[in-house]
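**Q** Please see the structure below; I have some questions.
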Amino acid sequence: AGIRPDFMCLSKGLTGGYLPLSVTLTTDDIYAAFYDEYTRLNAFLHSHSYTGFAIGCAAALAALTLLRETRASGRLQTLGESLERAFAPLARHRHVRDLRRCGNIVAMELHCGDAQQRPYPAAERRGLAVYREALRRGVLLRPLGDTLYALPPLSISDDEIRLLASVAEQAIDAACD
């Protein structure tokens, strides 16, 4: 659409909610308007709840370094391909529909396992049950209703990806059969 904001505040969109970290981004022109000597009080006096969290900033810098290295090595491409291969068998699972991947995020929807692929009654909270089964096995999946997400870090190995997919399948079996 060709729209570029003058200001953008990111927090959960930056960290996925894993760390208390946020940033206010501006265009260069806006930034320059507020960049001045402190004594002139021409500062942009705005902050937010997660400003300056040292551990979060250190983690963000490490993540940026890892992202640069991963991008340079071509691992981003192979990481997505590894996720696709490892999770492909779940597309045929009797309780899974609409298995999909966008970049390094895998999502799948749970259903009752019948031919109509009817969703589970919301009160059954099957996504939460699968999450708990996976957590018992040492794997973190994110349930949003009955849609499960796997959001692995860039540092994940191919063996860990296979484990992630295997545990997801075991957890679905345990919670849905």
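Order determines the names: the first chain of the structure tokens is A, the second B, and so forth; residues in each chain are numbered 1 upward, and ligands are numbered 1 upward as they are shown.
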List the spatial neighbours of His95 of chain A as a list in words - criterion: any atom at most 12 Å away, only C-alpha atoms, same-chain residues fewer than 6 positions off excluded.
**A**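 So, after excluding close chain neighbours, the residues are Met108, Glu109, Leu110, His111, Cys112, Gly113, Asp114, Ala115, Gln116, Gln117, Arg118, Pro119, Tyr120, Arg126, Gly127, Val130, Asp146, Thr147, Leu148, Ala168, Glu169, Gln170, Ala171, Ile172, Asp173, Ala174, Ala175, Cys176 and Asp177 of chain A.
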**Q** If you run DSSP on the backbone, which residues of segment 88-134 of chain A are alpha helix (DSSP H), as a PyMOL selection string?
**A** chain A and resi 126-134
**Q** Write out the residues from the selection above, keeping N, CA and C atoms, as a CSV table (one decimal), in the first residue's frame.
**A**
```csv
chain,number,residue,atom,x,y,z
A,126,ARG,N,-9.0,-28.7,23.9
A,126,ARG,CA,-8.0,-29.7,23.4
A,126,ARG,C,-6.6,-29.1,23.1
A,127,GLY,N,-6.6,-27.9,22.6
A,127,GLY,CA,-5.3,-27.2,22.4
A,127,GLY,C,-4.5,-27.1,23.7
A,128,LEU,N,-5.2,-26.7,24.8
A,128,LEU,CA,-4.5,-26.7,26.1
A,128,LEU,C,-4.0,-28.0,26.5
A,129,ALA,N,-4.9,-29.1,26.3
A,129,ALA,CA,-4.5,-30.4,26.7
A,129,ALA,C,-3.2,-30.9,25.9
A,130,VAL,N,-3.2,-30.6,24.6
A,130,VAL,CA,-2.0,-30.9,23.8
A,130,VAL,C,-0.8,-30.2,24.3
A,131,TYR,N,-1.0,-28.9,24.6
A,131,TYR,CA,0.1,-28.1,25.1
A,131,TYR,C,0.7,-28.7,26.4
A,132,ARG,N,-0.2,-29.1,27.3
A,132,ARG,CA,0.3,-29.7,28.6
A,132,ARG,C,1.0,-31.1,28.3
A,133,GLU,N,0.5,-31.9,27.4
A,133,GLU,CA,1.2,-33.1,27.1
A,133,GLU,C,2.5,-32.9,26.5
A,134,ALA,N,2.7,-31.9,25.6
A,134,ALA,CA,4.0,-31.6,25.0
A,134,ALA,C,4.9,-31.1,26.1
```
**Q** Apply DSSP to the backbone of this structure and, from chain A, keep only the residues in strand (DSSP E or B); write these as a list in words.
**A**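 Strand (DSSP E or B) assignments inside chain A correspond to Phe7, Met8, Cys9, Leu10, Val23, Thr24, Leu25, Thr26, Val96, Arg97, Asp98, Leu99, Arg100, Arg101, Cys102, Ile105, Val106, Ala107, Met108, Glu109, Leu110, Arg142, Pro143, Leu144, Thr147, Leu148, Tyr149 and Ala150 of chain A.
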**Q** Could those selected residues go to a file with C-alpha atoms, as a PDB file, in the first residue's frame?
**A**
```
ATOM      1  CA  PHE A   7       6.270   6.269  14.506  1.00  0.00           C
ATOM      2  CA  MET A   8       6.011   2.605  15.328  1.00  0.00           C
ATOM      3  CA  CYS A   9       5.969   1.110  18.830  1.00  0.00           C
ATOM      4  CA  LEU A  10       6.813  -2.566  19.113  1.00  0.00           C
ATOM      5  CA  VAL A  23      11.162  -0.060  21.085  1.00  0.00           C
ATOM      6  CA  THR A  24       9.809   3.146  19.584  1.00  0.00           C
ATOM      7  CA  LEU A  25      10.929   3.523  15.977  1.00  0.00           C
ATOM      8  CA  THR A  26      10.749   6.735  13.971  1.00  0.00           C
ATOM      9  CA  VAL A  96      -4.998 -32.359  12.425  1.00  0.00           C
ATOM     10  CA  ARG A  97      -6.247 -30.144   9.634  1.00  0.00           C
ATOM     11  CA  ASP A  98      -4.688 -27.213   7.868  1.00  0.00           C
ATOM     12  CA  LEU A  99      -1.056 -27.817   8.778  1.00  0.00           C
ATOM     13  CA  ARG A 100       0.823 -24.777   7.517  1.00  0.00           C
ATOM     14  CA  ARG A 101       4.172 -23.043   7.766  1.00  0.00           C
ATOM     15  CA  CYS A 102       5.143 -19.425   7.362  1.00  0.00           C
ATOM     16  CA  ILE A 105       6.421 -20.870  12.369  1.00  0.00           C
ATOM     17  CA  VAL A 106       4.361 -24.040  12.045  1.00  0.00           C
ATOM     18  CA  ALA A 107       0.641 -24.066  12.847  1.00  0.00           C
ATOM     19  CA  MET A 108      -1.998 -26.778  12.817  1.00  0.00           C
ATOM     20  CA  GLU A 109      -5.639 -26.946  13.767  1.00  0.00           C
ATOM     21  CA  LEU A 110      -7.101 -29.761  15.821  1.00  0.00           C
ATOM     22  CA  ARG A 142       1.628 -22.473  21.826  1.00  0.00           C
ATOM     23  CA  PRO A 143      -2.107 -23.143  21.868  1.00  0.00           C
ATOM     24  CA  LEU A 144      -4.504 -20.468  20.667  1.00  0.00           C
ATOM     25  CA  THR A 147      -4.726 -24.104  16.860  1.00  0.00           C
ATOM     26  CA  LEU A 148      -1.235 -25.152  17.906  1.00  0.00           C
ATOM     27  CA  TYR A 149       1.883 -23.203  17.008  1.00  0.00           C
ATOM     28  CA  ALA A 150       5.514 -24.281  17.034  1.00  0.00           C
TER      29      ALA A 150
END
```
**Q** Give me the residues near Leu66 of chain A as a ChimeraX atom specification, where near means some atom within 12 Å (using only C-alpha atoms) and where sequence neighbours in that chain fewer than 2 positions away do not count.
**A** /A:59-64,68-73,75-76,153-156
**Q** With N, CA and C atoms retained, write the just-selected residues as an mmCIF file, in the first residue's frame.
**A**
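Output saved as part.cif:
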```cif
data_model
loop_
_atom_site.group_PDB
_atom_site.id
_atom_site.type_symbol
_atom_site.label_atom_id
_atom_site.label_comp_id
_atom_site.auth_asym_id
_atom_site.auth_seq_id
_atom_site.Cartn_x
_atom_site.Cartn_y
_atom_site.Cartn_z
ATOM 1 N N ALA A 59 19.711 -9.994 25.266
ATOM 2 C CA ALA A 59 19.148 -11.095 24.470
ATOM 3 C C ALA A 59 18.842 -10.627 23.054
ATOM 4 N N ALA A 60 18.330 -9.402 22.917
ATOM 5 C CA ALA A 60 18.019 -8.871 21.587
ATOM 6 C C ALA A 60 19.285 -8.715 20.751
ATOM 7 N N LEU A 61 20.346 -8.218 21.354
ATOM 8 C CA LEU A 61 21.611 -8.077 20.620
ATOM 9 C C LEU A 61 22.155 -9.441 20.201
ATOM 10 N N ALA A 62 22.061 -10.421 21.091
ATOM 11 C CA ALA A 62 22.503 -11.780 20.747
ATOM 12 C C ALA A 62 21.640 -12.348 19.627
ATOM 13 N N ALA A 63 20.326 -12.077 19.688
ATOM 14 C CA ALA A 63 19.425 -12.570 18.643
ATOM 15 C C ALA A 63 19.743 -11.929 17.296
ATOM 16 N N LEU A 64 20.061 -10.635 17.295
ATOM 17 C CA LEU A 64 20.426 -9.965 16.043
ATOM 18 C C LEU A 64 21.717 -10.538 15.470
ATOM 19 N N ARG A 68 21.964 -12.424 11.857
ATOM 20 C CA ARG A 68 22.934 -12.096 10.808
ATOM 21 C C ARG A 68 23.726 -13.333 10.388
ATOM 22 N N GLU A 69 24.203 -14.097 11.371
ATOM 23 C CA GLU A 69 24.982 -15.306 11.067
ATOM 24 C C GLU A 69 24.128 -16.342 10.345
ATOM 25 N N THR A 70 22.894 -16.499 10.802
ATOM 26 C CA THR A 70 21.985 -17.481 10.211
ATOM 27 C C THR A 70 21.641 -17.095 8.784
ATOM 28 N N ARG A 71 21.367 -15.819 8.585
ATOM 29 C CA ARG A 71 21.052 -15.329 7.245
ATOM 30 C C ARG A 71 22.251 -15.513 6.325
ATOM 31 N N ALA A 72 23.433 -15.183 6.826
ATOM 32 C CA ALA A 72 24.645 -15.288 6.010
ATOM 33 C C ALA A 72 24.967 -16.736 5.654
ATOM 34 N N SER A 73 24.662 -17.662 6.554
ATOM 35 C CA SER A 73 25.007 -19.068 6.312
ATOM 36 C C SER A 73 23.974 -19.790 5.448
ATOM 37 N N ARG A 75 21.141 -20.712 6.633
ATOM 38 C CA ARG A 75 20.392 -21.588 7.544
ATOM 39 C C ARG A 75 18.907 -21.233 7.594
ATOM 40 N N LEU A 76 18.548 -19.976 7.389
ATOM 41 C CA LEU A 76 17.126 -19.614 7.406
ATOM 42 C C LEU A 76 16.345 -20.447 6.404
ATOM 43 N N PRO A 153 13.353 -21.467 17.999
ATOM 44 C CA PRO A 153 14.379 -20.432 17.855
ATOM 45 C C PRO A 153 15.269 -20.716 16.655
ATOM 46 N N LEU A 154 15.960 -19.691 16.186
ATOM 47 C CA LEU A 154 16.872 -19.855 15.052
ATOM 48 C C LEU A 154 18.000 -20.829 15.359
ATOM 49 N N SER A 155 18.308 -20.998 16.626
ATOM 50 C CA SER A 155 19.425 -21.857 17.016
ATOM 51 C C SER A 155 19.063 -23.342 17.057
ATOM 52 N N ILE A 156 17.828 -23.706 16.727
ATOM 53 C CA ILE A 156 17.400 -25.103 16.811
ATOM 54 C C ILE A 156 18.140 -25.961 15.777
#
```
**Q** Considering only C-alpha atoms, state which residue in the set A:Ala123, A:Gly103, A:Ile3, A:Ala165 is at the smallest distance from Ala88 of chain A.
**A** A:Ala165
**Q** Report the distance between atom CA of Arg94 of chain A and atom CA of Arg125 of chain A in Å, rounded to one decimal place.
**A** 17.6 Å
**Q** To one decimal place, how far is atom CA of Arg4 of chain A from atom CA of Ala33 of chain A in Å?
**A** 18.0 Å
**Q** Taking into account only C-alpha atoms, which residue in the set A:Leu67, A:Leu21, A:Val167, A:Leu14 is nearest to Arg137 of chain A?
**A**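 Under the stated criterion, the closest residue is A:Val167.
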**Q** Tell me, in Å to one decimal, how far atom CA of Ala54 of chain A is from atom CA of Tyr35 of chain A.
**A**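 Going from atom CA of Ala54 of chain A over to atom CA of Tyr35 of chain A, I get 22.8 Å.
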